[in-house]
>>> print(open('data08.tsv').read())   # TSV, C-alpha atoms
chain	number	residue	atom	x	y	z
A	1	MET	CA	0.00	0.00	0.00
A	2	HIS	CA	2.91	2.37	0.68
A	3	ALA	CA	4.08	2.10	-2.93
A	4	ALA	CA	0.61	2.94	-4.28
A	5	LEU	CA	0.32	5.94	-1.95
A	6	ARG	CA	3.78	7.20	-2.92
A	7	THR	CA	2.96	6.76	-6.61
A	8	LEU	CA	-0.29	8.72	-6.25
A	9	LEU	CA	1.52	11.48	-4.36
A	10	LEU	CA	4.30	11.74	-6.97
A	11	LEU	CA	1.77	11.73	-9.81
A	12	THR	CA	-0.21	14.52	-8.15
A	13	LEU	CA	2.92	16.61	-7.58
A	14	ALA	CA	4.08	16.06	-11.16
A	15	LEU	CA	0.72	17.08	-12.62
A	16	LEU	CA	0.31	20.33	-10.66
A	17	PRO	CA	2.74	22.44	-12.75
A	18	ALA	CA	1.29	21.14	-16.01
A	19	ALA	CA	-2.20	21.86	-14.78
A	20	ALA	CA	-1.38	25.45	-13.96
A	21	GLN	CA	0.00	26.07	-17.44
A	22	ARG	CA	-2.49	24.39	-19.73
A	23	TYR	CA	-5.97	23.89	-18.28
A	24	ASN	CA	-8.56	25.64	-16.22
A	25	GLY	CA	-9.64	24.69	-12.73
A	26	HIS	CA	-11.67	25.81	-9.74
A	27	GLY	CA	-11.33	26.73	-6.10
A	28	TYR	CA	-13.62	25.88	-3.20
A	29	PHE	CA	-14.39	26.56	0.43
A	30	TYR	CA	-16.00	23.81	2.53
A	31	TYR	CA	-17.55	23.19	5.92
A	32	GLY	CA	-18.01	19.61	7.05
A	33	VAL	CA	-19.60	17.48	9.71
A	34	ASP	CA	-17.29	14.66	10.70
A	35	ALA	CA	-17.35	11.38	12.59
A	36	PRO	CA	-14.06	10.23	14.14
A	37	SER	CA	-13.23	6.55	14.44
A	38	ASN	CA	-16.03	4.94	16.50
A	39	GLY	CA	-17.78	8.31	16.86
A	40	ASN	CA	-21.01	9.96	15.79
A	41	LEU	CA	-21.51	12.25	12.80
A	42	ALA	CA	-21.22	15.93	13.81
A	43	GLN	CA	-19.07	15.03	16.83
A	44	MET	CA	-16.29	16.76	14.89
A	45	MET	CA	-16.39	19.62	12.39
A	46	SER	CA	-14.04	20.66	9.60
A	47	THR	CA	-13.47	23.68	7.42
A	48	GLY	CA	-10.98	24.56	4.72
A	49	ILE	CA	-10.12	25.79	1.26
A	50	GLY	CA	-8.80	24.02	-1.79
A	51	GLY	CA	-8.42	24.06	-5.50
A	52	GLU	CA	-8.16	21.71	-8.44
A	53	ALA	CA	-6.64	22.17	-11.88
A	54	PHE	CA	-7.68	20.02	-14.83
A	55	VAL	CA	-4.79	18.21	-16.48
A	56	TRP	CA	-6.57	16.03	-19.05
A	57	LYS	CA	-10.28	15.74	-19.82
A	58	GLY	CA	-11.91	15.14	-16.40
A	59	LEU	CA	-8.65	14.36	-14.54
A	60	ALA	CA	-7.71	17.02	-11.99
A	61	ALA	CA	-4.88	17.52	-9.50
A	62	GLY	CA	-5.74	19.27	-6.25
A	63	VAL	CA	-4.41	20.76	-3.06
A	64	GLU	CA	-6.24	21.84	0.11
A	65	LEU	CA	-5.66	23.20	3.58
A	66	GLY	CA	-8.16	22.48	6.35
A	67	TYR	CA	-8.85	22.32	10.06
A	68	LEU	CA	-10.57	19.43	11.89
A	69	PHE	CA	-11.86	20.16	15.39
A	70	PRO	CA	-14.21	18.82	18.09
A	71	ARG	CA	-17.63	20.48	17.94
A	72	THR	CA	-17.50	21.40	21.64
A	73	GLU	CA	-13.85	22.62	21.74
A	74	PRO	CA	-12.80	24.23	18.43
A	75	GLY	CA	-9.44	25.39	19.80
A	76	ILE	CA	-7.93	21.91	20.06
A	77	GLY	CA	-8.17	20.88	16.42
A	78	VAL	CA	-5.78	19.40	13.90
A	79	GLY	CA	-4.49	21.02	10.71
A	80	LEU	CA	-4.87	19.07	7.47
A	81	PHE	CA	-2.85	19.51	4.28
A	82	GLY	CA	-3.93	17.36	1.35
A	83	LEU	CA	-2.79	16.51	-2.17
A	84	SER	CA	-5.20	14.60	-4.36
A	85	GLY	CA	-6.22	13.48	-7.76
A	86	ALA	CA	-9.84	13.53	-8.91
A	87	TRP	CA	-11.90	12.41	-11.87
A	88	HIS	CA	-14.84	14.68	-12.77
A	89	PHE	CA	-17.41	12.97	-14.98
A	90	VAL	CA	-17.68	15.90	-17.36
A	91	ASN	CA	-17.85	16.25	-21.12
A	92	ARG	CA	-16.22	19.57	-22.06
A	93	ASP	CA	-18.09	19.59	-25.41
A	94	ASN	CA	-21.44	19.33	-23.63
A	95	PRO	CA	-21.09	20.83	-20.13
A	96	ARG	CA	-23.73	20.00	-17.54
A	97	LYS	CA	-24.93	21.69	-14.38
A	98	PHE	CA	-24.58	18.54	-12.22
A	99	ILE	CA	-21.07	17.02	-12.30
A	100	PRO	CA	-20.18	14.02	-10.09
A	101	PHE	CA	-16.57	13.25	-9.15
A	102	VAL	CA	-14.38	10.75	-7.29
A	103	THR	CA	-11.18	11.66	-5.46
A	104	ALA	CA	-8.25	10.04	-3.63
A	105	GLY	CA	-4.95	11.24	-2.25
A	106	TYR	CA	-2.64	11.94	0.67
A	107	THR	CA	-3.38	14.06	3.75
A	108	LEU	CA	-0.89	15.23	6.35
A	109	GLY	CA	-2.46	15.82	9.77
A	110	PHE	CA	-0.46	18.14	12.03
A	111	ARG	CA	-0.58	19.75	15.45
A	112	GLN	CA	2.26	18.92	17.88
A	113	GLY	CA	3.24	15.93	15.76
A	114	VAL	CA	2.20	14.62	12.36
A	115	ALA	CA	0.01	11.81	11.04
A	116	ASN	CA	0.11	10.38	7.54
A	117	LEU	CA	-3.32	9.64	6.13
A	118	TYR	CA	-4.79	8.76	2.82
A	119	HIS	CA	-8.26	9.79	1.75
A	120	PHE	CA	-10.81	8.73	-0.82
A	121	GLY	CA	-14.39	9.62	-1.60
A	122	GLY	CA	-16.67	11.30	-4.04
A	123	GLY	CA	-19.35	13.86	-4.49
A	124	ALA	CA	-20.89	16.25	-6.96
A	125	THR	CA	-20.98	19.90	-7.89
A	126	TYR	CA	-24.17	21.62	-8.97
A	127	TRP	CA	-23.28	24.72	-10.99
A	128	PHE	CA	-26.08	27.23	-10.36
A	129	SER	CA	-24.30	29.85	-12.49
A	130	ARG	CA	-21.45	29.88	-14.98
A	131	ARG	CA	-18.89	30.71	-12.26
A	132	ALA	CA	-20.31	29.38	-8.95
A	133	GLY	CA	-21.60	26.05	-7.73
A	134	LEU	CA	-22.58	24.05	-4.67
A	135	ARG	CA	-20.12	21.24	-3.83
A	136	THR	CA	-21.06	18.21	-1.72
A	137	GLU	CA	-18.62	15.45	-0.86
A	138	LEU	CA	-18.25	12.32	1.26
A	139	ARG	CA	-14.62	11.73	2.23
A	140	LEU	CA	-13.07	8.91	4.26
A	141	TYR	CA	-9.67	9.17	5.92
A	142	GLU	CA	-7.50	6.17	6.83
A	143	TYR	CA	-4.16	6.04	8.65
A	144	ALA	CA	-1.24	5.14	6.38
A	145	GLY	CA	1.43	3.00	7.93
A	146	ALA	CA	1.83	-0.08	10.04
A	147	TYR	CA	-1.65	0.08	11.56
A	148	GLN	CA	-4.29	0.50	8.90
A	149	GLN	CA	-7.14	2.06	10.85
A	150	HIS	CA	-10.10	4.29	10.07
A	151	PHE	CA	-9.54	7.90	11.18
A	152	ASP	CA	-12.48	10.05	10.12
A	153	THR	CA	-15.53	10.28	7.88
A	154	SER	CA	-16.44	13.72	6.58
A	155	VAL	CA	-19.60	14.98	4.90
A	156	ARG	CA	-18.70	18.30	3.31
A	157	PHE	CA	-20.73	21.15	1.88
A	158	GLY	CA	-19.19	24.10	0.13
A	159	ILE	CA	-19.09	26.76	-2.53
A	160	GLN	CA	-17.04	26.15	-5.65
A	161	ILE	CA	-15.87	28.97	-7.92
A	162	ARG	CA	-14.30	28.82	-11.38
>>> encode(input="data08.tsv", output="structure tokens")
Amino acid sequence: MHAALRTLLLLTLALLPAAAQRYNGHGYFYYGVDAPSNGNLAQMMSTGIGGEAFVWKGLAAGVELGYLFPRTEPGIGVGLFGLSGAWHFVNRDNPRKFIPFVTAGYTLGFRQGVANLYHFGGGATYWFSRRAGLRTELRLYEYAGAYQQHFDTSVRFGIQIR
């Protein structure tokens, strides 16, 4: 599993410069309700910003910065930095208002130490205008390393701008 995670990370890093030069992309802001391992949904919350750049057809490379925190004590949260790849089920010759996507990648959790995680999930964007849309996403985080264990489930809602 480590080799696959490293390959995905290197591919994402390699595609980011090409994406910035050749294709368009979008940015987003999200707010999420989260369930930690063996916890209830909305026990944790998350917020953050991110962006994706298209590199080929529906393939996109992305980066995001977020914050995951307990609902009752927002000051003791964890920072999240993520790199990901995504496939948006879009036909550029016939654009649609509703565009589903799948995503996977690497997330670095940090506070006083660090945790290596990988994430995967999917969602959809509903473009209510040419430049702005509503993004919804279900994302699962897993620890990477010797102990493969579930870390967090996030249901995200956000605004996406292109």
>>> atom_distance(input="data08.tsv", atom1="atom CA of A:Tyr106", atom2="atom CA of A:Met45")
19.6 Å
>>> residues_near_point(input="data08.tsv", point="(4.4, 9.9, 8.6)", cutoff="8 Å", atoms="only C-alpha atoms", output="short mmCIF file (atom, residue, chain, number, x, y, z; two decimals) with C-alpha atoms, in the frame of the given file")
data_model
loop_
_atom_site.label_atom_id
_atom_site.label_comp_id
_atom_site.auth_asym_id
_atom_site.auth_seq_id
_atom_site.Cartn_x
_atom_site.Cartn_y
_atom_site.Cartn_z
CA LEU A 108 -0.89 15.23 6.35
CA VAL A 114 2.20 14.62 12.36
CA ALA A 115 0.01 11.81 11.04
CA ASN A 116 0.11 10.38 7.54
CA ALA A 144 -1.24 5.14 6.38
CA GLY A 145 1.43 3.00 7.93
#
>>> closest_residue(input="data08.tsv", among="A:Gln112, A:Leu41, A:Pro70, A:Phe157", to="A:Arg135", atoms="only C-alpha atoms")
A:Phe157
>>> closest_residue(input="data08.tsv", among="A:Gly158, A:Lys57, A:Thr136, A:Arg71", to="A:Ala35", atoms="only C-alpha atoms")
A:Arg71
>>> atom_distance(input="data08.tsv", atom1="atom CA of A:Met44", atom2="atom CA of A:Ile76")
11.1 Å
>>> residues_near_point(input="data08.tsv", point="(-14.6, 27.4, 0.1)", cutoff="8 Å", atoms="all atoms listed in the file", output="ChimeraX atom specification")
/A:27-31,48-50,158-160
>>> atom_distance(input="data08.tsv", atom1="atom CA of A:Asn38", atom2="atom CA of A:Gly105")
22.7 Å
>>> closest_residue(input="data08.tsv", among="A:Phe110, A:Phe128, A:Phe120, A:Phe98", to="A:Gly77", atoms="all atoms listed in the file")
A:Phe110
>>> residues_around(input="data08.tsv", residues="A:Val33", least_positions_apart="2", cutoff="6 Å", atoms="all atoms listed in the file", output="list in words")
Ala42, Met45, Ser154 and Val155 of chain A
>>> closest_residue(input="data08.tsv", among="A:Leu140, A:Ala61, A:Val78, A:Leu68", to="A:Gly123", atoms="only C-alpha atoms")
A:Leu140
>>> residues_around(input="data08.tsv", residues="A:Val90", least_positions_apart="4", cutoff="8 Å", atoms="all atoms listed in the file", output="PyMOL selection string")
chain A and resi 57-58+95-96+99-100
>>> closest_residue(input="data08.tsv", among="A:Tyr118, A:Phe69, A:Phe81, A:Trp127", to="A:Gln149", atoms="all atoms listed in the file")
A:Tyr118
>>> residues_around(input="data08.tsv", residues="A:Glu52", least_positions_apart="4", cutoff="6 Å", atoms="only C-alpha atoms", output="JSON, numbers by chain")
{"A": [25, 26, 60, 61, 62]}
>>> closest_residue(input="data08.tsv", among="A:Leu117, A:Val63, A:Val102, A:Ala53", to="A:Glu137", atoms="only C-alpha atoms")
A:Val102
>>> build_atoms(input="data08.tsv", residues="stretch 32-54 of chain A", atoms="N, CA and C atoms", output="PDB file, in the coordinates of the input")
ATOM      1  N   GLY A  32     -17.585  20.990   6.965  1.00  0.00           N
ATOM      2  CA  GLY A  32     -18.010  19.610   7.050  1.00  0.00           C
ATOM      3  C   GLY A  32     -18.428  19.182   8.434  1.00  0.00           C
ATOM      4  N   VAL A  33     -19.272  18.177   8.473  1.00  0.00           N
ATOM      5  CA  VAL A  33     -19.600  17.480   9.710  1.00  0.00           C
ATOM      6  C   VAL A  33     -18.881  16.143   9.644  1.00  0.00           C
ATOM      7  N   ASP A  34     -18.189  15.798  10.726  1.00  0.00           N
ATOM      8  CA  ASP A  34     -17.290  14.660  10.700  1.00  0.00           C
ATOM      9  C   ASP A  34     -17.607  13.681  11.825  1.00  0.00           C
ATOM     10  N   ALA A  35     -17.240  12.430  11.579  1.00  0.00           N
ATOM     11  CA  ALA A  35     -17.350  11.380  12.590  1.00  0.00           C
ATOM     12  C   ALA A  35     -15.979  10.744  12.756  1.00  0.00           C
ATOM     13  N   PRO A  36     -15.352  10.895  13.926  1.00  0.00           N
ATOM     14  CA  PRO A  36     -14.060  10.230  14.140  1.00  0.00           C
ATOM     15  C   PRO A  36     -14.262   8.728  14.259  1.00  0.00           C
ATOM     16  N   SER A  37     -13.163   7.997  14.282  1.00  0.00           N
ATOM     17  CA  SER A  37     -13.230   6.550  14.440  1.00  0.00           C
ATOM     18  C   SER A  37     -14.091   6.186  15.645  1.00  0.00           C
ATOM     19  N   ASN A  38     -15.088   5.368  15.457  1.00  0.00           N
ATOM     20  CA  ASN A  38     -16.030   4.940  16.500  1.00  0.00           C
ATOM     21  C   ASN A  38     -16.810   6.093  17.114  1.00  0.00           C
ATOM     22  N   GLY A  39     -17.042   7.156  16.353  1.00  0.00           N
ATOM     23  CA  GLY A  39     -17.780   8.310  16.860  1.00  0.00           C
ATOM     24  C   GLY A  39     -19.052   8.550  16.074  1.00  0.00           C
ATOM     25  N   ASN A  40     -19.762   9.595  16.460  1.00  0.00           N
ATOM     26  CA  ASN A  40     -21.010   9.960  15.790  1.00  0.00           C
ATOM     27  C   ASN A  40     -20.780  11.109  14.817  1.00  0.00           C
ATOM     28  N   LEU A  41     -21.592  11.154  13.752  1.00  0.00           N
ATOM     29  CA  LEU A  41     -21.510  12.250  12.800  1.00  0.00           C
ATOM     30  C   LEU A  41     -21.833  13.552  13.514  1.00  0.00           C
ATOM     31  N   ALA A  42     -21.108  14.587  13.229  1.00  0.00           N
ATOM     32  CA  ALA A  42     -21.220  15.930  13.810  1.00  0.00           C
ATOM     33  C   ALA A  42     -20.554  16.007  15.184  1.00  0.00           C
ATOM     34  N   GLN A  43     -19.865  14.952  15.605  1.00  0.00           N
ATOM     35  CA  GLN A  43     -19.070  15.030  16.830  1.00  0.00           C
ATOM     36  C   GLN A  43     -17.848  15.916  16.574  1.00  0.00           C
ATOM     37  N   MET A  44     -17.394  15.917  15.335  1.00  0.00           N
ATOM     38  CA  MET A  44     -16.290  16.760  14.890  1.00  0.00           C
ATOM     39  C   MET A  44     -16.785  17.641  13.753  1.00  0.00           C
ATOM     40  N   MET A  45     -16.078  18.720  13.498  1.00  0.00           N
ATOM     41  CA  MET A  45     -16.390  19.620  12.390  1.00  0.00           C
ATOM     42  C   MET A  45     -15.095  19.862  11.622  1.00  0.00           C
ATOM     43  N   SER A  46     -15.224  20.316  10.386  1.00  0.00           N
ATOM     44  CA  SER A  46     -14.040  20.660   9.600  1.00  0.00           C
ATOM     45  C   SER A  46     -14.364  21.839   8.692  1.00  0.00           C
ATOM     46  N   THR A  47     -13.333  22.572   8.353  1.00  0.00           N
ATOM     47  CA  THR A  47     -13.470  23.680   7.420  1.00  0.00           C
ATOM     48  C   THR A  47     -12.157  23.817   6.667  1.00  0.00           C
ATOM     49  N   GLY A  48     -12.209  24.390   5.479  1.00  0.00           N
ATOM     50  CA  GLY A  48     -10.980  24.560   4.720  1.00  0.00           C
ATOM     51  C   GLY A  48     -11.213  25.145   3.347  1.00  0.00           C
ATOM     52  N   ILE A  49     -10.100  25.301   2.635  1.00  0.00           N
ATOM     53  CA  ILE A  49     -10.120  25.790   1.260  1.00  0.00           C
ATOM     54  C   ILE A  49      -9.289  24.859   0.403  1.00  0.00           C
ATOM     55  N   GLY A  50      -9.565  24.862  -0.883  1.00  0.00           N
ATOM     56  CA  GLY A  50      -8.800  24.020  -1.790  1.00  0.00           C
ATOM     57  C   GLY A  50      -8.984  24.461  -3.221  1.00  0.00           C
ATOM     58  N   GLY A  51      -8.291  23.779  -4.086  1.00  0.00           N
ATOM     59  CA  GLY A  51      -8.420  24.060  -5.500  1.00  0.00           C
ATOM     60  C   GLY A  51      -7.986  22.866  -6.314  1.00  0.00           C
ATOM     61  N   GLU A  52      -8.514  22.783  -7.513  1.00  0.00           N
ATOM     62  CA  GLU A  52      -8.160  21.710  -8.440  1.00  0.00           C
ATOM     63  C   GLU A  52      -7.901  22.329  -9.810  1.00  0.00           C
ATOM     64  N   ALA A  53      -6.941  21.759 -10.519  1.00  0.00           N
ATOM     65  CA  ALA A  53      -6.640  22.170 -11.880  1.00  0.00           C
ATOM     66  C   ALA A  53      -6.783  20.961 -12.784  1.00  0.00           C
ATOM     67  N   PHE A  54      -7.489  21.118 -13.884  1.00  0.00           N
ATOM     68  CA  PHE A  54      -7.680  20.020 -14.830  1.00  0.00           C
ATOM     69  C   PHE A  54      -6.403  19.812 -15.627  1.00  0.00           C
TER      70      PHE A  54
END
